[in-house]
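**Q** Structure file start-v2.txt, compact mmCIF, C-alpha atoms, is pasted below:
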# COMPACT_ATOMS: atom_id res chain seq x y z
CA MET U 1 19.35 17.61 48.17
CA SER U 2 20.90 20.61 50.00
CA ASN U 3 18.91 23.72 51.01
CA MET U 4 20.39 25.76 48.14
CA ASP U 5 19.61 22.99 45.69
CA MET U 6 16.03 22.79 46.99
CA GLU U 7 15.58 26.58 46.70
CA SER U 8 16.86 26.60 43.13
CA TYR U 9 14.70 23.54 42.38
CA HIS U 10 11.53 25.19 43.72
CA SER U 11 12.20 28.42 41.78
CA GLY U 12 12.80 26.40 38.62
CA THR U 13 9.69 24.25 39.12
CA SER U 14 7.50 27.30 39.71
CA ARG U 15 8.63 28.78 36.38
CA ALA U 16 8.15 25.43 34.63
CA SER U 17 4.70 24.94 36.16
CA SER U 18 3.68 28.43 35.05
CA ALA U 19 4.85 27.63 31.53
CA ILE U 20 2.77 24.44 31.48
CA ASP U 21 -0.30 26.01 33.06
CA ALA U 22 -0.19 28.92 30.61
CA LYS U 23 -0.91 26.47 27.77
CA LEU U 24 -3.93 24.98 29.57
CA THR U 25 -7.36 26.34 30.43
CA GLY U 26 -9.32 25.86 33.63
CA ASP U 27 -8.03 24.17 36.77
CA LYS U 28 -4.87 22.26 36.02
CA LYS U 29 -3.37 20.44 39.00
CA LEU U 30 -5.08 17.50 40.63
CA LEU U 31 -3.34 18.02 43.98
CA ALA U 32 -0.07 19.45 45.24
CA ALA U 33 2.59 16.77 45.54
CA ALA U 34 4.02 16.01 48.99
CA ARG U 35 7.53 17.21 49.83
CA LYS U 36 8.89 13.65 49.91
CA VAL U 37 7.46 12.97 46.46
CA ASN U 38 8.98 16.16 45.06
CA GLU U 39 12.42 15.40 46.51
CA GLU U 40 12.57 11.90 44.99
CA MET U 41 10.97 12.90 41.69
CA ALA U 42 13.36 15.86 41.25
CA ILE U 43 16.40 13.57 41.03
CA THR U 44 14.75 11.24 38.51
CA ALA U 45 15.72 11.75 34.88
CA CYS U 46 15.81 9.60 31.78
CA GLY U 47 18.64 9.05 29.33
CA CYS U 48 16.48 8.19 26.34
CA ARG U 49 18.07 8.49 22.94
CA ILE U 50 16.50 11.29 20.90
CA LYS U 51 14.73 9.82 17.87
CA GLY U 52 12.13 12.34 16.77
CA ASN U 53 8.51 12.39 17.87
CA GLU U 54 8.61 8.91 19.44
CA THR U 55 11.34 9.72 21.99
CA CYS U 56 10.57 8.49 25.54
CA THR U 57 7.96 5.82 24.87
CA ALA U 58 7.02 2.90 27.14
CA THR U 59 10.66 2.09 28.06
CA CYS U 60 11.35 5.57 29.45
CA ALA U 61 12.55 5.72 33.09
CA CYS U 62 10.40 8.80 33.70
CA GLN U 63 7.27 6.97 32.57
CA ASP U 64 8.09 4.14 34.96
CA LYS U 65 8.07 6.73 37.75
CA TRP U 66 4.79 8.31 36.56
CA ARG U 67 6.42 11.66 35.81
CA SER U 68 6.86 13.81 32.72
CA CYS U 69 10.23 14.56 31.16
CA GLY U 70 11.89 17.93 31.75
CA ILE U 71 15.04 19.89 30.92
CA GLU U 72 17.06 17.65 33.27
CA CYS U 73 16.46 14.66 30.97
CA ASN U 74 18.50 13.73 27.91
CA CYS U 75 15.50 14.63 25.73
CA HIS U 76 15.22 18.07 27.42
CA GLY U 77 11.45 17.66 27.62
CA PHE U 78 10.89 17.75 23.84
CA CYS U 79 9.45 14.24 23.64
CA CYS U 80 6.16 12.33 23.78
CA ASN U 81 6.34 12.17 27.61
CA SER U 82 6.24 15.92 28.11
CA LEU U 83 3.38 18.29 28.89
CA TYR U 84 5.04 20.92 26.66
CA THR U 85 4.50 18.97 23.43
CA LEU U 86 0.78 18.18 23.54
CA PRO U 87 -0.80 17.23 20.20
CA ASN U 88 -3.29 19.48 18.43
CA LEU U 89 -6.83 18.31 19.25
CA ASN U 90 -10.21 19.58 18.09
CA VAL U 91 -13.94 18.81 18.32
CA ARG U 92 -16.24 17.75 15.48
CA ASP U 93 -19.75 16.36 15.00
CA GLY U 94 -19.83 12.57 14.95
CA ALA U 95 -22.43 9.83 14.69
CA LEU U 96 -23.27 10.14 18.42
CA GLY U 97 -22.82 13.90 18.79
CA GLU U 98 -19.64 15.82 19.51
CA GLU U 99 -16.39 13.89 19.53
CA LEU U 100 -12.75 14.71 20.20
CA TYR U 101 -10.19 13.95 17.48
CA THR U 102 -6.51 14.59 16.82
CA LYS U 103 -5.11 16.64 13.96
CA GLU U 104 -1.74 14.87 14.07
CA ASP U 105 -0.37 11.37 14.67
CA ILE U 106 0.07 10.39 18.32
CA PRO U 107 2.65 7.67 19.10
CA ALA U 108 1.87 5.04 21.73
CA SER U 109 2.48 6.20 25.36
CA LYS U 110 2.47 9.88 24.35
CA VAL U 111 0.52 12.34 26.51
CA ALA U 112 -2.57 13.10 24.41
CA PHE U 113 -4.16 15.68 26.75
CA VAL U 114 -4.20 17.07 30.28
CA VAL U 115 -7.56 16.88 32.04
CA CYS U 116 -8.71 20.36 33.05
CA GLY U 117 -11.82 21.43 34.94
CA PRO U 118 -13.23 22.02 38.44
CA ILE U 119 -11.50 19.83 41.04
CA MET U 120 -13.33 18.61 44.14
CA THR U 121 -13.61 15.74 46.56
CA GLN U 122 -15.80 12.76 45.73
CA GLU U 123 -18.49 13.84 48.21
CA LYS U 124 -18.69 17.36 46.77
CA TYR U 125 -18.80 15.92 43.28
CA ARG U 126 -21.78 13.72 44.23
CA GLN U 127 -23.65 16.78 45.50
CA ARG U 128 -22.80 18.79 42.39
CA HIS U 129 -23.68 15.92 40.05
CA GLN U 130 -27.15 15.49 41.59
CA LYS U 131 -27.89 19.18 40.98
CA VAL U 132 -26.88 19.26 37.29
CA GLN U 133 -27.75 15.75 36.03
CA ASP U 134 -31.44 16.61 35.41
CA LYS U 135 -30.77 20.03 33.85
CA THR U 136 -27.93 19.30 31.42
CA ALA U 137 -26.20 16.39 29.78
CA LYS U 138 -24.70 13.83 32.13
CA HIS U 139 -21.30 14.77 33.56
CA TYR U 140 -18.64 12.08 33.81
CA GLY U 141 -15.97 13.11 36.29
CA ILE U 142 -12.47 11.61 36.19
CA THR U 143 -11.20 10.19 39.48
CA VAL U 144 -7.43 10.09 39.86
CA SER U 145 -5.09 9.97 42.88
CA TRP U 146 -1.37 9.50 43.44
CA PRO U 147 -0.80 5.73 43.98
CA GLY U 148 2.43 6.15 45.94
CA SER U 149 4.01 3.05 47.48
CA SER U 150 1.18 0.82 46.20
CA LYS U 151 2.79 1.10 42.73
CA GLY U 152 6.39 1.31 43.91
CA LEU U 153 6.42 5.12 43.68
CA PRO U 154 7.66 7.63 46.26
CA GLY U 155 5.26 8.84 48.93
CA GLU U 156 2.19 7.25 50.42
CA ALA U 157 -0.91 6.33 48.47
CA GLU U 158 -3.48 9.13 48.60
CA ALA U 159 -6.40 8.01 50.77
CA SER U 160 -8.65 10.78 49.46
CA LYS U 161 -9.37 10.71 45.73
CA TYR U 162 -10.16 13.88 43.82
CA VAL U 163 -12.56 14.24 40.91
CA VAL U 164 -11.97 16.47 37.88
CA ASP U 165 -15.05 17.46 35.88
CA PRO U 166 -13.90 18.20 32.28
CA PHE U 167 -17.42 18.93 30.98
CA ASP U 168 -16.67 22.57 30.01
CA ASN U 169 -13.18 21.73 28.70
CA ILE U 170 -12.23 20.30 25.31
CA VAL U 171 -11.50 16.95 27.02
CA GLY U 172 -15.20 16.80 27.91
CA ALA U 173 -15.92 16.06 24.24
CA ALA U 174 -14.00 12.77 24.43
CA ASN U 175 -16.51 9.91 24.27
CA HIS U 176 -16.52 6.62 26.16
CA SER U 177 -15.32 3.39 24.56
CA CYS U 178 -14.99 -0.12 25.95
CA GLU U 179 -11.85 -0.46 23.77
CA PRO U 180 -10.30 3.02 24.19
CA ASN U 181 -7.19 4.37 22.53
CA VAL U 182 -6.35 6.60 25.55
CA TYR U 183 -6.16 5.78 29.26
CA ILE U 184 -6.23 8.25 32.18
CA LYS U 185 -3.31 8.27 34.58
CA ALA U 186 -1.77 10.51 37.25
CA CYS U 187 1.46 12.25 36.24
CA TRP U 188 3.95 14.23 38.32
CA ALA U 189 5.37 17.41 36.77
CA ASN U 190 7.24 20.21 38.52
CA GLY U 191 5.76 19.71 41.97
CA LYS U 192 2.18 19.09 40.83
CA ILE U 193 0.11 16.01 40.12
CA TYR U 194 -1.77 16.22 36.81
CA ALA U 195 -4.44 13.92 35.40
CA VAL U 196 -3.30 13.11 31.86
CA GLY U 197 -4.54 10.94 29.02
CA ARG U 198 -1.92 8.70 27.40
CA ALA U 199 -2.25 6.87 24.09
CA ASN U 200 -2.22 3.09 24.53
CA LYS U 201 -1.57 2.57 20.81
CA TYR U 202 -0.53 4.53 17.74
CA ILE U 203 -3.31 7.01 16.91
CA MET U 204 -3.43 8.35 13.37
CA ALA U 205 -4.42 11.89 12.43
CA ARG U 206 -8.19 12.53 12.16
CA GLU U 207 -8.84 9.54 14.46
CA THR U 208 -11.32 9.89 17.31
CA ILE U 209 -9.95 10.16 20.86
CA CYS U 210 -11.84 8.09 23.44
CA TYR U 211 -11.23 6.62 26.87
CA ASP U 212 -13.00 4.27 29.29
CA TYR U 213 -15.17 6.27 31.72
CA SER U 214 -15.23 3.35 34.24
CA TRP U 215 -18.26 5.00 35.81
CA THR U 216 -19.46 3.76 39.22
CA GLY U 217 -22.38 6.13 39.81
CA VAL U 218 -22.87 8.84 42.42
CA SER U 219 -26.11 7.77 44.14
CA THR U 220 -28.51 4.86 44.56
CA ASP U 221 -30.85 6.45 41.98
CA ASP U 222 -28.11 6.68 39.36
CA PHE U 223 -28.00 3.96 36.70
CA ALA U 224 -25.65 3.42 33.78
CA GLU U 225 -26.37 4.76 30.32
CA LEU U 226 -26.44 2.45 27.33
CA CYS U 227 -23.13 2.18 25.51
CA PHE U 228 -23.05 2.55 21.72
CA CYS U 229 -19.27 2.37 21.19
CA ARG U 230 -19.64 -0.59 18.74
CA ALA U 231 -16.45 -2.19 20.05
CA PRO U 232 -16.25 -6.02 19.76
CA SER U 233 -15.87 -6.27 23.55
CA CYS U 234 -18.55 -3.68 24.35
CA ARG U 235 -19.92 -4.07 27.89
CA GLY U 236 -23.36 -2.70 26.97
CA PHE U 237 -23.33 -0.04 29.68
CA ILE U 238 -21.11 2.93 30.51
CA ALA U 239 -20.08 1.38 33.81
CA GLU U 240 -17.04 -0.15 35.45
CA LEU U 241 -16.89 -3.86 34.78
CA ASN U 242 -17.60 -6.21 37.68
CA SER U 243 -18.79 -3.39 39.95
CA ARG U 244 -21.94 -3.15 42.06
CA PHE U 245 -23.03 -0.24 39.86
CA MET U 246 -22.96 -2.56 36.83
CA GLU U 247 -24.98 -5.25 38.64
CA MET U 248 -27.61 -2.76 39.83
CA SER U 249 -27.87 -1.28 36.32
CA ILE U 250 -28.44 -4.75 34.83
CA LEU U 251 -31.26 -5.45 37.30
CA HIS U 252 -32.76 -2.00 36.69
CA TYR U 253 -32.86 -2.41 32.92
CA GLU U 254 -34.22 -5.96 33.14
CA ALA U 255 -37.16 -4.55 35.10
CA GLN U 256 -37.57 -1.73 32.57
CA ILE U 257 -37.56 -4.22 29.69
CA ALA U 258 -40.41 -6.20 31.28
CA ILE U 259 -42.47 -3.02 31.76
CA LEU U 260 -41.87 -1.77 28.21
CA GLN U 261 -42.66 -5.17 26.69
CA ALA U 262 -45.98 -5.30 28.55
CA LYS U 263 -46.77 -1.74 27.47
CA HIS U 264 -45.87 -2.54 23.85
CA SER U 265 -48.11 -5.63 23.88
CA CYS U 266 -51.09 -3.65 25.27
CA ILE U 267 -50.69 -0.88 22.70
CA GLN U 268 -50.38 -3.49 19.94
CA ASN U 269 -53.69 -5.03 20.98
CA VAL U 270 -55.39 -1.62 21.01
CA LEU U 271 -54.02 -0.80 17.56
CA GLN U 272 -55.27 -4.14 16.23
CA VAL U 273 -58.80 -3.36 17.47
CA GLN U 274 -58.61 0.09 15.87
CA GLN U 275 -57.53 -1.47 12.57
CA GLU U 276 -60.57 -3.76 12.65
CA CYS U 277 -62.84 -0.74 13.31
CA LEU U 278 -61.30 1.11 10.35
CA THR U 279 -61.88 -1.90 8.11
CA ALA U 280 -65.52 -2.05 9.17
CA GLY U 281 -65.91 1.72 8.66
CA ARG U 282 -64.59 1.51 5.10
CA LYS U 283 -67.12 -1.24 4.30
CA TRP U 284 -69.93 1.02 5.45
CA GLY U 285 -68.51 3.95 3.42
CA LEU U 286 -67.64 6.10 6.43
CA SER U 287 -64.92 8.79 6.40
CA VAL U 288 -62.02 7.38 8.42
CA GLU U 289 -59.06 9.51 7.24
CA HIS U 290 -58.54 11.18 10.62
CA GLN U 291 -58.71 7.84 12.45
CA GLU U 292 -56.17 6.35 10.00
CA LEU U 293 -53.67 9.11 10.82
CA GLU U 294 -54.11 8.48 14.55
CA VAL U 295 -53.47 4.75 14.04
CA ILE U 296 -50.34 5.47 11.98
CA ARG U 297 -49.00 7.81 14.70
CA GLY U 298 -49.74 5.15 17.32
CA GLU U 299 -47.89 2.50 15.30
CA ASN U 300 -44.85 4.78 14.93
CA LYS U 301 -44.74 5.42 18.67
CA ASN U 302 -45.11 1.72 19.39
CA ASP U 303 -42.29 0.88 16.97
CA LYS U 304 -40.01 3.36 18.77
CA LEU U 305 -40.98 1.74 22.06
CA LYS U 306 -39.99 -1.65 20.65
CA VAL U 307 -36.64 -0.31 19.43
CA LYS U 308 -36.02 1.15 22.89
CA TYR U 309 -36.47 -2.09 24.80
CA GLU U 310 -34.62 -4.08 22.13
CA GLN U 311 -31.62 -1.78 22.65
CA MET U 312 -31.91 -2.41 26.38
CA GLU U 313 -32.06 -6.17 25.78
CA ALA U 314 -28.91 -6.04 23.64
CA ALA U 315 -27.10 -3.97 26.31
CA VAL U 316 -28.11 -6.37 29.10
CA THR U 317 -26.96 -9.36 27.03
CA LYS U 318 -23.54 -7.73 26.44
CA ALA U 319 -23.22 -6.81 30.11
CA ARG U 320 -24.11 -10.32 31.27
CA SER U 321 -21.60 -11.80 28.82
CA ALA U 322 -18.83 -9.44 29.97
CA VAL U 323 -19.48 -10.21 33.66
CA GLN U 324 -19.55 -13.95 32.90
CA LYS U 325 -16.19 -13.78 31.12
CA VAL U 326 -14.63 -12.05 34.12
CA THR U 327 -16.10 -14.67 36.46
CA GLN U 328 -14.76 -17.53 34.31
CA THR U 329 -11.31 -15.90 34.25
CA GLN U 330 -11.32 -15.61 38.03
CA LEU U 331 -12.33 -19.27 38.39
CA LEU U 332 -9.53 -20.35 36.06
CA GLN U 333 -7.06 -18.39 38.15
CA LEU U 334 -8.33 -20.15 41.28
CA ASP U 335 -7.54 -23.55 39.72
CA TYR U 336 -3.83 -22.69 39.86
CA LEU U 337 -3.95 -21.72 43.54
CA GLU U 338 -3.10 -24.12 46.34
CA PRO U 339 -6.11 -25.64 48.15
CA LYS U 340 -5.34 -23.60 51.28
CA LEU U 341 -5.46 -20.34 49.30
CA ARG U 342 -8.75 -21.10 47.59
CA PRO U 343 -11.79 -19.40 49.07
CA LYS U 344 -14.10 -21.68 51.04
CA GLN U 345 -17.28 -22.55 49.22
CA HIS U 346 -20.53 -22.23 51.12
CA ARG U 347 -22.47 -25.51 51.43
CA ALA U 348 -25.86 -26.16 52.93
CA PRO U 349 -26.09 -28.50 56.00
CA TRP U 350 -27.59 -31.32 53.93
CA GLN U 351 -24.69 -31.03 51.44
CA ARG U 352 -22.10 -31.32 54.25
CA ALA U 353 -23.92 -34.36 55.69
CA ALA U 354 -24.10 -36.03 52.27
CA ASN U 355 -20.38 -35.43 51.63
CA LYS U 356 -19.53 -36.99 55.01
CA ILE U 357 -21.63 -40.09 54.27
CA PHE U 358 -20.05 -40.47 50.80
CA SER U 359 -16.56 -40.19 52.33
CA LEU U 360 -17.40 -43.02 54.77
CA LEU U 361 -18.86 -45.24 52.05
CA LYS U 362 -16.02 -44.59 49.58
CA PRO U 363 -14.01 -47.77 48.75
CA LEU U 364 -10.72 -48.10 50.58
CA ASN U 365 -7.46 -47.94 48.60
CA GLY U 366 -4.59 -50.45 48.96
CA SER U 367 -2.72 -48.78 51.86
CA GLN U 368 -5.94 -48.26 53.83
CA LYS U 369 -6.87 -51.95 53.37
CA GLU U 370 -3.46 -53.11 54.73
CA GLU U 371 -3.80 -50.87 57.79
CA LYS U 372 -7.31 -52.20 58.43
CA ASN U 373 -6.11 -55.85 58.14
CA LYS U 374 -3.31 -55.18 60.67
CA LEU U 375 -5.83 -53.74 63.11
CA ILE U 376 -8.08 -56.79 62.69
CA VAL U 377 -5.16 -59.21 63.30
Can you dump the structure from the file as structure tokens?
**A**
Amino acid sequence: MSNMDMESYHSGTSRASSAIDAKLTGDKKLLAAARKVNEEMAITACGCRIKGNETCTATCACQDKWRSCGIECNCHGFCCNSLYTLPNLNVRDGALGEELYTKEDIPASKVAFVVCGPIMTQEKYRQRHQKVQDKTAKHYGITVSWPGSSKGLPGEAEASKYVVDPFDNIVGAANHSCEPNVYIKACWANGKIYAVGRANKYIMARETICYDYSWTGVSTDDFAELCFCRAPSCRGFIAELNSRFMEMSILHYEAQIAILQAKHSCIQNVLQVQQECLTAGRKWGLSVEHQELEVIRGENKNDKLKVKYEQMEAAVTKARSAVQKVTQTQLLQLDYLEPKLRPKQHRAPWQRAANKIFSLLKPLNGSQKEEKNKLIV
């Protein structure tokens, strides 16, 4: 691009960015795009055929380049891949508290929302999260960075990832789901990198909007919350699958289950003794109404304790099953690799010695027998 073209491009992008940002609240951009990224993205445009609300879906050239459509495209930016045509979302009370839902149909691959909120580095987010996690509801920041050449896109992959905290924005009402209908992705638009949520399937009006938090924790004292998304493939915890955070959370909750079970058993024994005392008191004609109320309250608390550790047990079982499925999939993939590419398995010294002995004692095949006979002759 020439200098005049670049000047006109920058003036046009500043006006377009202002138009986008005027529709949003809070901090909008994730990070400023590099000059090389802007130069290559500026000459990218799609020639999608205009066909109503579902223009520029998964086959759009702009989507392949992780950018939104603009006036330079055949659709002129009035499509499902534009930040100008965001759907109308709202918040309502659901079974698990507040939830985000859409007031209109959202086609697959359409931008459902732009993530807005305070933007900071991962280290600053850890410090901020540790200050607020005990005072308010848990914050789940969204980590996004420009992938660059790692995904075949212009520019280099961003080494530093930024975190957007949407807690005070409408996007903060979107709940976690292990089978989400929206996924978070970086998106270039007019010289800025936005964090956007795209629909991975057709979402009908009044349907709940949810995405996978893929949480990995912020400290060694942070453990995953139980997941109640009710999806068939629920992982049990709000944690990234096959991560160290998931493994540590499983071990943490297994220890908590053992403690709660022991506590429940002790309380049950105490309540049983109290019931026997009440029975004896009634035989002697004593007034035991107050003691009966105390026993009933104790039984209610103990029942809640049982429900609590049973929920933990169910979550741990789901998490173990999900991790096992991933491990089995990885092992199946290894079967198709060449022997040289397979990772070496660790064997104890006695196993290596036994394998060597078995290889020496193994019967010889036909060719080996002929070679041995020639040597003997």
**Q** Need the shell around U:Gly47: protein/DNA/RNA residues with any atom at most 8 Å away, counting only C-alpha atoms. Skip same-chain ones fewer than 5 positions apart. Format as a ChimeraX atom specification?
**A** /U:61,73-75
**Q** Do you know which residues are at most 10 Å from U:Cys234 counting all atoms listed in the file, after dropping those on the same chain fewer than 6 positions away, and could you put them as a PyMOL selection string?
**A** chain U and resi 177-179+227-228+315+318-319+321-322
**Q** With 10 Å as the cut-off and only C-alpha atoms counted, what is the closest atom pair between each nearby residue of stretch 140-237 of chain U and stretch 98-120 of chain U? Distances in Å to one decimal, ordered by chain and number, as CSV.
**A**
residue,atom,partner,partner_atom,distance
U:Gly141,CA,U:Ile119,CA,9.4
U:Ile142,CA,U:Val115,CA,8.3
U:Thr143,CA,U:Ile119,CA,9.8
U:Lys161,CA,U:Met120,CA,9.0
U:Tyr162,CA,U:Met120,CA,5.7
U:Val163,CA,U:Met120,CA,5.5
U:Val164,CA,U:Ile119,CA,4.6
U:Asp165,CA,U:Gly117,CA,5.2
U:Pro166,CA,U:Gly117,CA,4.7
U:Phe167,CA,U:Gly117,CA,7.3
U:Asp168,CA,U:Gly117,CA,7.0
U:Asn169,CA,U:Cys116,CA,6.4
U:Ile170,CA,U:Leu100,CA,7.6
U:Val171,CA,U:Val115,CA,6.4
U:Gly172,CA,U:Leu100,CA,8.4
U:Ala173,CA,U:Glu99,CA,5.2
U:Ala174,CA,U:Leu100,CA,4.8
U:Asn175,CA,U:Glu99,CA,6.2
U:His176,CA,U:Glu99,CA,9.8
U:Asn181,CA,U:Ala108,CA,9.1
U:Val182,CA,U:Ala112,CA,7.6
U:Tyr183,CA,U:Ala112,CA,9.5
U:Ile184,CA,U:Val115,CA,8.7
U:Lys185,CA,U:Val111,CA,9.8
U:Ala186,CA,U:Val114,CA,9.9
U:Cys187,CA,U:Val114,CA,9.5
U:Tyr194,CA,U:Val114,CA,7.0
U:Ala195,CA,U:Val115,CA,5.5
U:Val196,CA,U:Val114,CA,4.4
U:Gly197,CA,U:Phe113,CA,5.3
U:Arg198,CA,U:Val111,CA,4.5
U:Ala199,CA,U:Ser109,CA,4.9
U:Asn200,CA,U:Ala108,CA,5.3
U:Lys201,CA,U:Ala108,CA,4.3
U:Tyr202,CA,U:Pro107,CA,4.7
U:Ile203,CA,U:Ile106,CA,5.0
U:Met204,CA,U:Asp105,CA,4.5
U:Ala205,CA,U:Glu104,CA,4.3
U:Arg206,CA,U:Thr102,CA,5.4
U:Glu207,CA,U:Tyr101,CA,5.5
U:Thr208,CA,U:Tyr101,CA,4.2
U:Ile209,CA,U:Tyr101,CA,5.1
U:Cys210,CA,U:Leu100,CA,7.4
**Q** Select, counting all atoms listed in the file, all protein, DNA and RNA residues no farther than 8 Å from (-3.4, 8.3, 44.4) in file coordinates, and express the selection as a PyMOL selection string.
**A** chain U and resi 144-148+157-161+186
**Q** Save the residues we just selected, C-alpha atoms, as a short mmCIF file (atom, residue, chain, number, x, y, z; two decimals), in the coordinates of the input?
**A**
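The resulting file, result_38.cif, is reproduced below:
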data_model
loop_
_atom_site.label_atom_id
_atom_site.label_comp_id
_atom_site.auth_asym_id
_atom_site.auth_seq_id
_atom_site.Cartn_x
_atom_site.Cartn_y
_atom_site.Cartn_z
CA VAL U 144 -7.43 10.09 39.86
CA SER U 145 -5.09 9.97 42.88
CA TRP U 146 -1.37 9.50 43.44
CA PRO U 147 -0.80 5.73 43.98
CA GLY U 148 2.43 6.15 45.94
CA ALA U 157 -0.91 6.33 48.47
CA GLU U 158 -3.48 9.13 48.60
CA ALA U 159 -6.40 8.01 50.77
CA SER U 160 -8.65 10.78 49.46
CA LYS U 161 -9.37 10.71 45.73
CA ALA U 186 -1.77 10.51 37.25
#
**Q** What gap, in Å, lies between atom CA of U:Ala189 and atom CA of U:Ala33?
**A**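 Spanning atom CA of U:Ala189 to atom CA of U:Ala33 is a straight-line distance of 9.2 Å.
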**Q** In Å, with one decimal, what is the gap from atom CA of U:Ala32 to atom CA of U:Trp66?
**A** 14.9 Å
**Q** Under the rule that all atoms listed in the file are counted, which of U:Cys80, U:Glu310, U:Glu225, U:Leu96 is the nearest residue to U:Tyr140?
**A**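 Among U:Cys80, U:Glu310, U:Glu225, U:Leu96, it is U:Glu225 that comes nearest to U:Tyr140.
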**Q** Quick one: distance from atom CA of U:Lys138 to atom CA of U:Ala258 in Å, one decimal?
**A** 25.5 Å
**Q** I'd like the contact shell of U:Gly70 - 10 Å cut-off, all atoms listed in the file, skipping same-chain residues fewer than 3 positions apart - returned as a PyMOL selection string.
**A** chain U and resi 13+16+42+44-46+62+67+73-79+81-84+189-190
**Q** Can we get stretch 145-162 of chain U of that structure written down with N, CA and C atoms, as a compact mmCIF listing (two decimals), in the first residue's frame?
**A**
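Result file is selection.txt:
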# COMPACT_ATOMS: atom_id res chain seq x y z
N SER U 145 -5.32 -14.10 22.67
CA SER U 145 -4.18 -13.41 22.06
C SER U 145 -4.21 -13.67 20.56
N TRP U 146 -3.52 -12.84 19.81
CA TRP U 146 -3.48 -12.99 18.36
C TRP U 146 -2.56 -14.15 18.00
N PRO U 147 -3.06 -15.21 17.31
CA PRO U 147 -2.24 -16.39 17.06
C PRO U 147 -1.15 -16.19 16.01
N GLY U 148 -1.36 -15.26 15.08
CA GLY U 148 -0.33 -14.96 14.09
C GLY U 148 0.00 -16.14 13.20
N SER U 149 1.32 -16.31 12.94
CA SER U 149 1.78 -17.33 12.00
C SER U 149 1.47 -18.75 12.46
N SER U 150 1.21 -18.95 13.76
CA SER U 150 0.89 -20.30 14.24
C SER U 150 -0.41 -20.83 13.65
N LYS U 151 -1.29 -19.93 13.19
CA LYS U 151 -2.54 -20.31 12.54
C LYS U 151 -2.58 -19.88 11.07
N GLY U 152 -1.42 -19.57 10.51
CA GLY U 152 -1.37 -19.15 9.12
C GLY U 152 -1.88 -17.74 8.91
N LEU U 153 -1.82 -16.89 9.94
CA LEU U 153 -2.30 -15.52 9.86
C LEU U 153 -1.11 -14.56 9.81
N PRO U 154 -1.31 -13.34 9.35
CA PRO U 154 -0.21 -12.38 9.30
C PRO U 154 0.28 -12.01 10.69
N GLY U 155 1.56 -11.64 10.76
CA GLY U 155 2.14 -11.24 12.03
C GLY U 155 2.63 -12.43 12.83
N GLU U 156 3.34 -12.12 13.91
CA GLU U 156 3.86 -13.15 14.79
C GLU U 156 2.86 -13.45 15.90
N ALA U 157 2.93 -14.67 16.42
CA ALA U 157 2.06 -15.04 17.54
C ALA U 157 2.42 -14.20 18.76
N GLU U 158 1.41 -13.70 19.44
CA GLU U 158 1.63 -12.86 20.62
C GLU U 158 2.14 -13.73 21.76
N ALA U 159 3.35 -13.41 22.25
CA ALA U 159 3.92 -14.17 23.36
C ALA U 159 3.18 -13.86 24.66
N SER U 160 2.78 -12.60 24.84
CA SER U 160 2.07 -12.20 26.05
C SER U 160 0.57 -12.25 25.81
N LYS U 161 -0.14 -12.99 26.65
CA LYS U 161 -1.58 -13.09 26.54
C LYS U 161 -2.23 -12.09 27.49
N TYR U 162 -3.34 -11.51 27.05
CA TYR U 162 -4.07 -10.55 27.85
C TYR U 162 -5.37 -11.17 28.35
